[in-house]
Amino acid sequence: VAFKAIDGGYVHTCAVTTAGAVQCWGGNYGGSLGDGTDTERHTPVPVTGLTGVVGVAGGLVHSCAWTASGPGYCWGANPAGQLGDGSRNWSLTPVPVSLVPRFVAMTVGPEHTCGITDGGEVRCWGQGGSGQLGNGTRSMETQPALVPGINGPVAIAAGNRHTCVTTSSGQAYCWGDLGYGQLGNGEVAFRLSPVPVSAGPAALAAVTAGRWFTCGAS
């Protein structure tokens, strides 16, 4: 099988095949492999029912994928609503994300998920206790909630309890847990809404988020 995209979760990995299907392998707690079981797999197994997939994201115990012309899908554990289907029910197979007809990018944290819509919005859902959903609250959301104040998002990355996005202008924004300065705005405090990253004279074209840190490339 040839793959065109791949992403690793905590103890599992998922990849998009050149035919637009998804295969996953590794630990399968909560159904994060999406094959209809919770059985650990040491070689790739097909994720049930997905076609036309262009990207995939793996988290702690859930995974998500987005398609070229349809909605986003998530599967696995769902204690905080991170599957985005309006429930907190775990799913061993993919379920469509509510409210958003199409995503062009998605990212997965331990208990939250965010995506960029084809209309240029940023939306997040799941656990928001540290402000990682960016909607101005610390509420849990089981459906995609709008992150206000971001124009022209092009890439998005979720960390442990924070999220960052880069825009077409080169400005990056972050929100959520700032206990280690991972939002990059020179402060050490929680932020419930996006704050600009202090990147100096260099615009950022890409960003990635780790557990308690963030990195960007100009």
# chains A, B, ... in the order shown; residues from 1 in each chain; ligands from 1
>>> residues_around(residues="region 86-103 of chain A", least_positions_apart="4", cutoff="9 Å", atoms="only C-alpha atoms", output="ChimeraX atom specification")
/A:30-38,47-50,63-82,115-119,123,141-144
>>> select_by_dssp(residues="region 16-217 of chain A", states="strand (DSSP E or B)", output="PDB file with N, CA and C atoms, in the first residue's frame")
ATOM      1  N   VAL A  16      -3.035   8.045   5.170  1.00  0.00           N
ATOM      2  CA  VAL A  16      -3.948   8.116   4.028  1.00  0.00           C
ATOM      3  C   VAL A  16      -3.280   7.430   2.847  1.00  0.00           C
ATOM      4  N   THR A  17      -3.985   6.514   2.211  1.00  0.00           N
ATOM      5  CA  THR A  17      -3.438   5.826   1.050  1.00  0.00           C
ATOM      6  C   THR A  17      -3.581   6.709  -0.183  1.00  0.00           C
ATOM      7  N   VAL A  22      -8.064   5.274   4.511  1.00  0.00           N
ATOM      8  CA  VAL A  22      -7.239   5.458   5.701  1.00  0.00           C
ATOM      9  C   VAL A  22      -6.948   4.105   6.322  1.00  0.00           C
ATOM     10  N   GLN A  23      -5.698   3.907   6.738  1.00  0.00           N
ATOM     11  CA  GLN A  23      -5.310   2.717   7.481  1.00  0.00           C
ATOM     12  C   GLN A  23      -4.599   3.148   8.758  1.00  0.00           C
ATOM     13  N   CYS A  24      -4.838   2.401   9.838  1.00  0.00           N
ATOM     14  CA  CYS A  24      -4.239   2.721  11.133  1.00  0.00           C
ATOM     15  C   CYS A  24      -3.653   1.467  11.762  1.00  0.00           C
ATOM     16  N   TRP A  25      -2.731   1.673  12.727  1.00  0.00           N
ATOM     17  CA  TRP A  25      -2.118   0.545  13.422  1.00  0.00           C
ATOM     18  C   TRP A  25      -1.591   1.011  14.767  1.00  0.00           C
ATOM     19  N   GLY A  26      -1.366   0.047  15.669  1.00  0.00           N
ATOM     20  CA  GLY A  26      -0.859   0.356  17.001  1.00  0.00           C
ATOM     21  C   GLY A  26      -1.890   0.102  18.074  1.00  0.00           C
ATOM     22  N   ARG A  41      -3.373  -3.516  16.939  1.00  0.00           N
ATOM     23  CA  ARG A  41      -2.977  -3.994  15.610  1.00  0.00           C
ATOM     24  C   ARG A  41      -1.499  -3.690  15.365  1.00  0.00           C
ATOM     25  N   HIS A  42      -0.764  -4.685  14.924  1.00  0.00           N
ATOM     26  CA  HIS A  42       0.670  -4.512  14.690  1.00  0.00           C
ATOM     27  C   HIS A  42       0.992  -4.252  13.229  1.00  0.00           C
ATOM     28  N   THR A  43       0.002  -4.333  12.375  1.00  0.00           N
ATOM     29  CA  THR A  43       0.128  -3.968  10.963  1.00  0.00           C
ATOM     30  C   THR A  43      -1.094  -3.131  10.585  1.00  0.00           C
ATOM     31  N   PRO A  44      -1.033  -2.326   9.513  1.00  0.00           N
ATOM     32  CA  PRO A  44      -2.148  -1.440   9.156  1.00  0.00           C
ATOM     33  C   PRO A  44      -3.451  -2.183   8.886  1.00  0.00           C
ATOM     34  N   VAL A  45      -4.548  -1.611   9.391  1.00  0.00           N
ATOM     35  CA  VAL A  45      -5.894  -2.118   9.112  1.00  0.00           C
ATOM     36  C   VAL A  45      -6.727  -0.974   8.556  1.00  0.00           C
ATOM     37  N   PRO A  46      -7.667  -1.250   7.638  1.00  0.00           N
ATOM     38  CA  PRO A  46      -8.482  -0.188   7.056  1.00  0.00           C
ATOM     39  C   PRO A  46      -9.428   0.432   8.080  1.00  0.00           C
ATOM     40  N   VAL A  53     -10.282  10.665   1.177  1.00  0.00           N
ATOM     41  CA  VAL A  53      -9.606  11.351   2.291  1.00  0.00           C
ATOM     42  C   VAL A  53      -8.327  12.020   1.796  1.00  0.00           C
ATOM     43  N   VAL A  54      -8.080  13.230   2.297  1.00  0.00           N
ATOM     44  CA  VAL A  54      -6.857  13.957   1.924  1.00  0.00           C
ATOM     45  C   VAL A  54      -5.913  14.155   3.096  1.00  0.00           C
ATOM     46  N   GLY A  55      -6.417  14.033   4.338  1.00  0.00           N
ATOM     47  CA  GLY A  55      -5.554  14.230   5.494  1.00  0.00           C
ATOM     48  C   GLY A  55      -6.077  13.512   6.714  1.00  0.00           C
ATOM     49  N   VAL A  56      -5.180  13.210   7.660  1.00  0.00           N
ATOM     50  CA  VAL A  56      -5.548  12.474   8.864  1.00  0.00           C
ATOM     51  C   VAL A  56      -4.762  13.027  10.042  1.00  0.00           C
ATOM     52  N   ALA A  57      -5.343  12.960  11.242  1.00  0.00           N
ATOM     53  CA  ALA A  57      -4.684  13.455  12.451  1.00  0.00           C
ATOM     54  C   ALA A  57      -4.941  12.484  13.590  1.00  0.00           C
ATOM     55  N   GLY A  58      -3.886  12.111  14.314  1.00  0.00           N
ATOM     56  CA  GLY A  58      -4.010  11.203  15.446  1.00  0.00           C
ATOM     57  C   GLY A  58      -3.780  11.919  16.756  1.00  0.00           C
ATOM     58  N   HIS A  62      -8.100   9.327  20.146  1.00  0.00           N
ATOM     59  CA  HIS A  62      -9.047   9.490  19.048  1.00  0.00           C
ATOM     60  C   HIS A  62      -8.300   9.958  17.813  1.00  0.00           C
ATOM     61  N   SER A  63      -8.934   9.848  16.679  1.00  0.00           N
ATOM     62  CA  SER A  63      -8.337  10.219  15.397  1.00  0.00           C
ATOM     63  C   SER A  63      -9.387  10.917  14.547  1.00  0.00           C
ATOM     64  N   CYS A  64      -8.932  11.702  13.585  1.00  0.00           N
ATOM     65  CA  CYS A  64      -9.843  12.401  12.678  1.00  0.00           C
ATOM     66  C   CYS A  64      -9.264  12.413  11.265  1.00  0.00           C
ATOM     67  N   ALA A  65     -10.139  12.586  10.283  1.00  0.00           N
ATOM     68  CA  ALA A  65      -9.723  12.689   8.893  1.00  0.00           C
ATOM     69  C   ALA A  65     -10.638  13.659   8.178  1.00  0.00           C
ATOM     70  N   TRP A  66     -10.128  14.282   7.124  1.00  0.00           N
ATOM     71  CA  TRP A  66     -10.962  15.170   6.319  1.00  0.00           C
ATOM     72  C   TRP A  66     -10.872  14.760   4.858  1.00  0.00           C
ATOM     73  N   THR A  67     -11.945  15.035   4.126  1.00  0.00           N
ATOM     74  CA  THR A  67     -12.074  14.573   2.753  1.00  0.00           C
ATOM     75  C   THR A  67     -12.038  15.745   1.783  1.00  0.00           C
ATOM     76  N   GLY A  72     -15.698  16.370   7.804  1.00  0.00           N
ATOM     77  CA  GLY A  72     -14.652  15.714   8.548  1.00  0.00           C
ATOM     78  C   GLY A  72     -15.235  14.558   9.335  1.00  0.00           C
ATOM     79  N   TYR A  73     -14.392  13.606   9.687  1.00  0.00           N
ATOM     80  CA  TYR A  73     -14.821  12.438  10.442  1.00  0.00           C
ATOM     81  C   TYR A  73     -13.861  12.223  11.601  1.00  0.00           C
ATOM     82  N   CYS A  74     -14.389  11.739  12.733  1.00  0.00           N
ATOM     83  CA  CYS A  74     -13.553  11.387  13.872  1.00  0.00           C
ATOM     84  C   CYS A  74     -14.022  10.064  14.451  1.00  0.00           C
ATOM     85  N   TRP A  75     -13.134   9.408  15.204  1.00  0.00           N
ATOM     86  CA  TRP A  75     -13.475   8.121  15.812  1.00  0.00           C
ATOM     87  C   TRP A  75     -12.582   7.887  17.026  1.00  0.00           C
ATOM     88  N   GLY A  76     -13.054   7.009  17.925  1.00  0.00           N
ATOM     89  CA  GLY A  76     -12.293   6.679  19.121  1.00  0.00           C
ATOM     90  C   GLY A  76     -12.982   7.130  20.389  1.00  0.00           C
ATOM     91  N   SER A  91     -16.851   5.910  19.746  1.00  0.00           N
ATOM     92  CA  SER A  91     -17.201   5.245  18.491  1.00  0.00           C
ATOM     93  C   SER A  91     -16.004   4.466  17.950  1.00  0.00           C
ATOM     94  N   LEU A  92     -16.231   3.203  17.624  1.00  0.00           N
ATOM     95  CA  LEU A  92     -15.186   2.349  17.067  1.00  0.00           C
ATOM     96  C   LEU A  92     -15.008   2.557  15.568  1.00  0.00           C
ATOM     97  N   THR A  93     -15.903   3.322  14.972  1.00  0.00           N
ATOM     98  CA  THR A  93     -15.827   3.636  13.538  1.00  0.00           C
ATOM     99  C   THR A  93     -16.067   5.132  13.345  1.00  0.00           C
ATOM    100  N   PRO A  94     -15.685   5.693  12.199  1.00  0.00           N
ATOM    101  CA  PRO A  94     -15.804   7.141  11.995  1.00  0.00           C
ATOM    102  C   PRO A  94     -17.242   7.649  12.059  1.00  0.00           C
ATOM    103  N   VAL A  95     -17.404   8.822  12.685  1.00  0.00           N
ATOM    104  CA  VAL A  95     -18.676   9.540  12.692  1.00  0.00           C
ATOM    105  C   VAL A  95     -18.439  10.930  12.109  1.00  0.00           C
ATOM    106  N   PRO A  96     -19.393  11.473  11.344  1.00  0.00           N
ATOM    107  CA  PRO A  96     -19.187  12.802  10.770  1.00  0.00           C
ATOM    108  C   PRO A  96     -19.230  13.896  11.823  1.00  0.00           C
ATOM    109  N   PHE A 103     -13.982  20.522   5.850  1.00  0.00           N
ATOM    110  CA  PHE A 103     -12.739  21.018   6.416  1.00  0.00           C
ATOM    111  C   PHE A 103     -11.628  20.929   5.379  1.00  0.00           C
ATOM    112  N   VAL A 104     -10.682  21.870   5.468  1.00  0.00           N
ATOM    113  CA  VAL A 104      -9.489  21.798   4.627  1.00  0.00           C
ATOM    114  C   VAL A 104      -8.256  21.441   5.454  1.00  0.00           C
ATOM    115  N   ALA A 105      -8.391  21.412   6.769  1.00  0.00           N
ATOM    116  CA  ALA A 105      -7.319  20.980   7.667  1.00  0.00           C
ATOM    117  C   ALA A 105      -7.935  20.670   9.020  1.00  0.00           C
ATOM    118  N   MET A 106      -7.342  19.692   9.720  1.00  0.00           N
ATOM    119  CA  MET A 106      -7.775  19.350  11.069  1.00  0.00           C
ATOM    120  C   MET A 106      -6.547  19.021  11.910  1.00  0.00           C
ATOM    121  N   THR A 107      -6.677  19.203  13.216  1.00  0.00           N
ATOM    122  CA  THR A 107      -5.608  18.865  14.154  1.00  0.00           C
ATOM    123  C   THR A 107      -6.237  18.311  15.416  1.00  0.00           C
ATOM    124  N   VAL A 108      -5.519  17.433  16.092  1.00  0.00           N
ATOM    125  CA  VAL A 108      -6.077  16.698  17.223  1.00  0.00           C
ATOM    126  C   VAL A 108      -5.153  16.821  18.430  1.00  0.00           C
ATOM    127  N   HIS A 112      -9.138  17.476  22.593  1.00  0.00           N
ATOM    128  CA  HIS A 112      -9.831  18.477  21.790  1.00  0.00           C
ATOM    129  C   HIS A 112      -9.394  18.348  20.341  1.00  0.00           C
ATOM    130  N   THR A 113     -10.226  18.897  19.473  1.00  0.00           N
ATOM    131  CA  THR A 113      -9.994  18.846  18.034  1.00  0.00           C
ATOM    132  C   THR A 113     -10.286  20.212  17.452  1.00  0.00           C
ATOM    133  N   CYS A 114      -9.522  20.627  16.465  1.00  0.00           N
ATOM    134  CA  CYS A 114      -9.768  21.893  15.775  1.00  0.00           C
ATOM    135  C   CYS A 114      -9.618  21.689  14.275  1.00  0.00           C
ATOM    136  N   GLY A 115     -10.257  22.563  13.514  1.00  0.00           N
ATOM    137  CA  GLY A 115     -10.130  22.479  12.071  1.00  0.00           C
ATOM    138  C   GLY A 115     -10.335  23.820  11.405  1.00  0.00           C
ATOM    139  N   ILE A 116      -9.835  23.919  10.176  1.00  0.00           N
ATOM    140  CA  ILE A 116     -10.072  25.082   9.321  1.00  0.00           C
ATOM    141  C   ILE A 116     -11.124  24.683   8.307  1.00  0.00           C
ATOM    142  N   THR A 117     -12.197  25.463   8.199  1.00  0.00           N
ATOM    143  CA  THR A 117     -13.264  25.143   7.263  1.00  0.00           C
ATOM    144  C   THR A 117     -12.939  25.692   5.884  1.00  0.00           C
ATOM    145  N   VAL A 122     -12.021  29.088  11.735  1.00  0.00           N
ATOM    146  CA  VAL A 122     -11.387  28.129  12.632  1.00  0.00           C
ATOM    147  C   VAL A 122     -12.428  27.702  13.656  1.00  0.00           C
ATOM    148  N   ARG A 123     -12.588  26.400  13.804  1.00  0.00           N
ATOM    149  CA  ARG A 123     -13.554  25.862  14.765  1.00  0.00           C
ATOM    150  C   ARG A 123     -12.899  24.782  15.607  1.00  0.00           C
ATOM    151  N   CYS A 124     -13.256  24.737  16.908  1.00  0.00           N
ATOM    152  CA  CYS A 124     -12.695  23.762  17.832  1.00  0.00           C
ATOM    153  C   CYS A 124     -13.798  23.148  18.681  1.00  0.00           C
ATOM    154  N   TRP A 125     -13.532  21.942  19.189  1.00  0.00           N
ATOM    155  CA  TRP A 125     -14.510  21.254  20.018  1.00  0.00           C
ATOM    156  C   TRP A 125     -13.795  20.262  20.930  1.00  0.00           C
ATOM    157  N   GLY A 126     -14.523  19.826  21.973  1.00  0.00           N
ATOM    158  CA  GLY A 126     -13.950  18.912  22.957  1.00  0.00           C
ATOM    159  C   GLY A 126     -13.704  19.604  24.280  1.00  0.00           C
ATOM    160  N   GLU A 141     -17.252  21.528  24.589  1.00  0.00           N
ATOM    161  CA  GLU A 141     -18.120  21.655  23.426  1.00  0.00           C
ATOM    162  C   GLU A 141     -18.138  20.329  22.673  1.00  0.00           C
ATOM    163  N   THR A 142     -19.324  19.804  22.411  1.00  0.00           N
ATOM    164  CA  THR A 142     -19.444  18.542  21.682  1.00  0.00           C
ATOM    165  C   THR A 142     -19.656  18.757  20.182  1.00  0.00           C
ATOM    166  N   GLN A 143     -19.746  20.015  19.764  1.00  0.00           N
ATOM    167  CA  GLN A 143     -19.839  20.371  18.348  1.00  0.00           C
ATOM    168  C   GLN A 143     -18.878  21.519  18.064  1.00  0.00           C
ATOM    169  N   PRO A 144     -18.476  21.696  16.812  1.00  0.00           N
ATOM    170  CA  PRO A 144     -17.498  22.742  16.492  1.00  0.00           C
ATOM    171  C   PRO A 144     -17.954  24.140  16.910  1.00  0.00           C
ATOM    172  N   ALA A 145     -17.119  24.817  17.709  1.00  0.00           N
ATOM    173  CA  ALA A 145     -17.379  26.180  18.159  1.00  0.00           C
ATOM    174  C   ALA A 145     -16.439  27.130  17.419  1.00  0.00           C
ATOM    175  N   LEU A 146     -16.954  28.278  17.034  1.00  0.00           N
ATOM    176  CA  LEU A 146     -16.172  29.249  16.272  1.00  0.00           C
ATOM    177  C   LEU A 146     -15.088  29.890  17.132  1.00  0.00           C
ATOM    178  N   VAL A 147     -13.878  29.947  16.571  1.00  0.00           N
ATOM    179  CA  VAL A 147     -12.790  30.711  17.174  1.00  0.00           C
ATOM    180  C   VAL A 147     -12.789  32.080  16.493  1.00  0.00           C
ATOM    181  N   PRO A 153      -6.871  31.823   7.862  1.00  0.00           N
ATOM    182  CA  PRO A 153      -6.084  30.733   8.436  1.00  0.00           C
ATOM    183  C   PRO A 153      -5.618  29.764   7.352  1.00  0.00           C
ATOM    184  N   VAL A 154      -4.383  29.301   7.464  1.00  0.00           N
ATOM    185  CA  VAL A 154      -3.847  28.376   6.459  1.00  0.00           C
ATOM    186  C   VAL A 154      -3.341  27.074   7.069  1.00  0.00           C
ATOM    187  N   ALA A 155      -2.977  27.070   8.345  1.00  0.00           N
ATOM    188  CA  ALA A 155      -2.484  25.854   8.992  1.00  0.00           C
ATOM    189  C   ALA A 155      -2.796  25.929  10.480  1.00  0.00           C
ATOM    190  N   ILE A 156      -3.005  24.760  11.094  1.00  0.00           N
ATOM    191  CA  ILE A 156      -3.424  24.720  12.492  1.00  0.00           C
ATOM    192  C   ILE A 156      -2.758  23.542  13.194  1.00  0.00           C
ATOM    193  N   ALA A 157      -2.454  23.728  14.489  1.00  0.00           N
ATOM    194  CA  ALA A 157      -1.779  22.680  15.255  1.00  0.00           C
ATOM    195  C   ALA A 157      -2.280  22.695  16.691  1.00  0.00           C
ATOM    196  N   ALA A 158      -2.572  21.512  17.230  1.00  0.00           N
ATOM    197  CA  ALA A 158      -3.038  21.374  18.605  1.00  0.00           C
ATOM    198  C   ALA A 158      -1.954  20.761  19.465  1.00  0.00           C
ATOM    199  N   HIS A 162      -3.285  23.556  24.325  1.00  0.00           N
ATOM    200  CA  HIS A 162      -3.268  24.822  23.609  1.00  0.00           C
ATOM    201  C   HIS A 162      -3.349  24.539  22.112  1.00  0.00           C
ATOM    202  N   THR A 163      -3.658  25.590  21.356  1.00  0.00           N
ATOM    203  CA  THR A 163      -3.830  25.466  19.911  1.00  0.00           C
ATOM    204  C   THR A 163      -3.237  26.696  19.244  1.00  0.00           C
ATOM    205  N   CYS A 164      -2.647  26.519  18.060  1.00  0.00           N
ATOM    206  CA  CYS A 164      -2.062  27.628  17.320  1.00  0.00           C
ATOM    207  C   CYS A 164      -2.464  27.543  15.842  1.00  0.00           C
ATOM    208  N   VAL A 165      -2.468  28.687  15.189  1.00  0.00           N
ATOM    209  CA  VAL A 165      -2.815  28.752  13.774  1.00  0.00           C
ATOM    210  C   VAL A 165      -1.935  29.782  13.098  1.00  0.00           C
ATOM    211  N   THR A 166      -1.585  29.544  11.843  1.00  0.00           N
ATOM    212  CA  THR A 166      -0.900  30.546  11.034  1.00  0.00           C
ATOM    213  C   THR A 166      -1.867  31.058   9.971  1.00  0.00           C
ATOM    214  N   THR A 167      -1.671  32.298   9.548  1.00  0.00           N
ATOM    215  CA  THR A 167      -2.569  32.920   8.587  1.00  0.00           C
ATOM    216  C   THR A 167      -1.828  33.275   7.306  1.00  0.00           C
ATOM    217  N   ALA A 172       0.896  34.471  13.255  1.00  0.00           N
ATOM    218  CA  ALA A 172       0.445  33.288  13.981  1.00  0.00           C
ATOM    219  C   ALA A 172      -0.297  33.709  15.243  1.00  0.00           C
ATOM    220  N   TYR A 173      -1.265  32.887  15.633  1.00  0.00           N
ATOM    221  CA  TYR A 173      -2.049  33.114  16.841  1.00  0.00           C
ATOM    222  C   TYR A 173      -2.087  31.820  17.654  1.00  0.00           C
ATOM    223  N   CYS A 174      -2.122  31.961  18.974  1.00  0.00           N
ATOM    224  CA  CYS A 174      -2.254  30.804  19.862  1.00  0.00           C
ATOM    225  C   CYS A 174      -3.250  31.117  20.962  1.00  0.00           C
ATOM    226  N   TRP A 175      -3.767  30.059  21.595  1.00  0.00           N
ATOM    227  CA  TRP A 175      -4.695  30.237  22.705  1.00  0.00           C
ATOM    228  C   TRP A 175      -4.680  28.977  23.562  1.00  0.00           C
ATOM    229  N   GLY A 176      -5.089  29.135  24.835  1.00  0.00           N
ATOM    230  CA  GLY A 176      -5.153  28.017  25.756  1.00  0.00           C
ATOM    231  C   GLY A 176      -4.150  28.144  26.886  1.00  0.00           C
ATOM    232  N   ARG A 191      -5.044  31.934  28.124  1.00  0.00           N
ATOM    233  CA  ARG A 191      -5.757  32.805  27.194  1.00  0.00           C
ATOM    234  C   ARG A 191      -6.922  32.036  26.591  1.00  0.00           C
ATOM    235  N   LEU A 192      -8.118  32.570  26.754  1.00  0.00           N
ATOM    236  CA  LEU A 192      -9.326  31.900  26.276  1.00  0.00           C
ATOM    237  C   LEU A 192      -9.657  32.247  24.830  1.00  0.00           C
ATOM    238  N   SER A 193      -8.949  33.231  24.277  1.00  0.00           N
ATOM    239  CA  SER A 193      -9.142  33.657  22.891  1.00  0.00           C
ATOM    240  C   SER A 193      -7.771  33.826  22.245  1.00  0.00           C
ATOM    241  N   PRO A 194      -7.701  33.842  20.927  1.00  0.00           N
ATOM    242  CA  PRO A 194      -6.406  33.923  20.244  1.00  0.00           C
ATOM    243  C   PRO A 194      -5.618  35.184  20.587  1.00  0.00           C
ATOM    244  N   VAL A 195      -4.306  35.028  20.777  1.00  0.00           N
ATOM    245  CA  VAL A 195      -3.385  36.147  20.956  1.00  0.00           C
ATOM    246  C   VAL A 195      -2.282  36.028  19.909  1.00  0.00           C
ATOM    247  N   PRO A 196      -1.790  37.151  19.374  1.00  0.00           N
ATOM    248  CA  PRO A 196      -0.742  37.090  18.362  1.00  0.00           C
ATOM    249  C   PRO A 196       0.572  36.559  18.937  1.00  0.00           C
ATOM    250  N   ALA A 206       4.431  28.258   8.980  1.00  0.00           N
ATOM    251  CA  ALA A 206       3.975  26.976   9.520  1.00  0.00           C
ATOM    252  C   ALA A 206       4.208  26.954  11.016  1.00  0.00           C
ATOM    253  N   VAL A 207       3.420  26.144  11.716  1.00  0.00           N
ATOM    254  CA  VAL A 207       3.548  26.044  13.162  1.00  0.00           C
ATOM    255  C   VAL A 207       3.223  24.619  13.591  1.00  0.00           C
ATOM    256  N   THR A 208       3.878  24.147  14.637  1.00  0.00           N
ATOM    257  CA  THR A 208       3.560  22.844  15.207  1.00  0.00           C
ATOM    258  C   THR A 208       3.565  22.967  16.722  1.00  0.00           C
ATOM    259  N   ALA A 209       2.692  22.216  17.374  1.00  0.00           N
ATOM    260  CA  ALA A 209       2.532  22.335  18.823  1.00  0.00           C
ATOM    261  C   ALA A 209       2.857  21.012  19.492  1.00  0.00           C
ATOM    262  N   THR A 214       5.710  25.236  21.501  1.00  0.00           N
ATOM    263  CA  THR A 214       5.273  25.465  20.124  1.00  0.00           C
ATOM    264  C   THR A 214       6.486  25.892  19.305  1.00  0.00           C
ATOM    265  N   CYS A 215       6.530  25.490  18.058  1.00  0.00           N
ATOM    266  CA  CYS A 215       7.587  25.917  17.138  1.00  0.00           C
ATOM    267  C   CYS A 215       6.971  26.402  15.840  1.00  0.00           C
ATOM    268  N   GLY A 216       7.614  27.377  15.212  1.00  0.00           N
ATOM    269  CA  GLY A 216       7.138  27.898  13.941  1.00  0.00           C
ATOM    270  C   GLY A 216       8.281  28.034  12.954  1.00  0.00           C
ATOM    271  N   ALA A 217       7.950  27.994  11.675  1.00  0.00           N
ATOM    272  CA  ALA A 217       8.939  28.165  10.601  1.00  0.00           C
ATOM    273  C   ALA A 217       8.551  29.352   9.756  1.00  0.00           C
TER     274      ALA A 217
END
>>> closest_residue(among="A:Leu60, A:Ala15, A:Ala205, A:Met140", to="Gly159 (chain A)", atoms="only C-alpha atoms")
A:Leu60
>>> closest_residue(among="A:Asn28, A:Gln127, A:Ser198, A:Thr137", to="Thr13 (chain A)", atoms="only C-alpha atoms")
A:Asn28
>>> atom_distance(atom1="CA of Tyr180 (chain A)", atom2="CA of Leu204 (chain A)")
20.5 Å
>>> atom_distance(atom1="CA of Gly128 (chain A)", atom2="CA of Cys14 (chain A)")
25.0 Å
>>> atom_distance(atom1="CA of Ser130 (chain A)", atom2="CA of Gly210 (chain A)")
15.4 Å
>>> closest_residue(among="A:Ala2, A:Gly84, A:Gly129, A:Asp7", to="Ala19 (chain A)", atoms="only C-alpha atoms")
A:Ala2
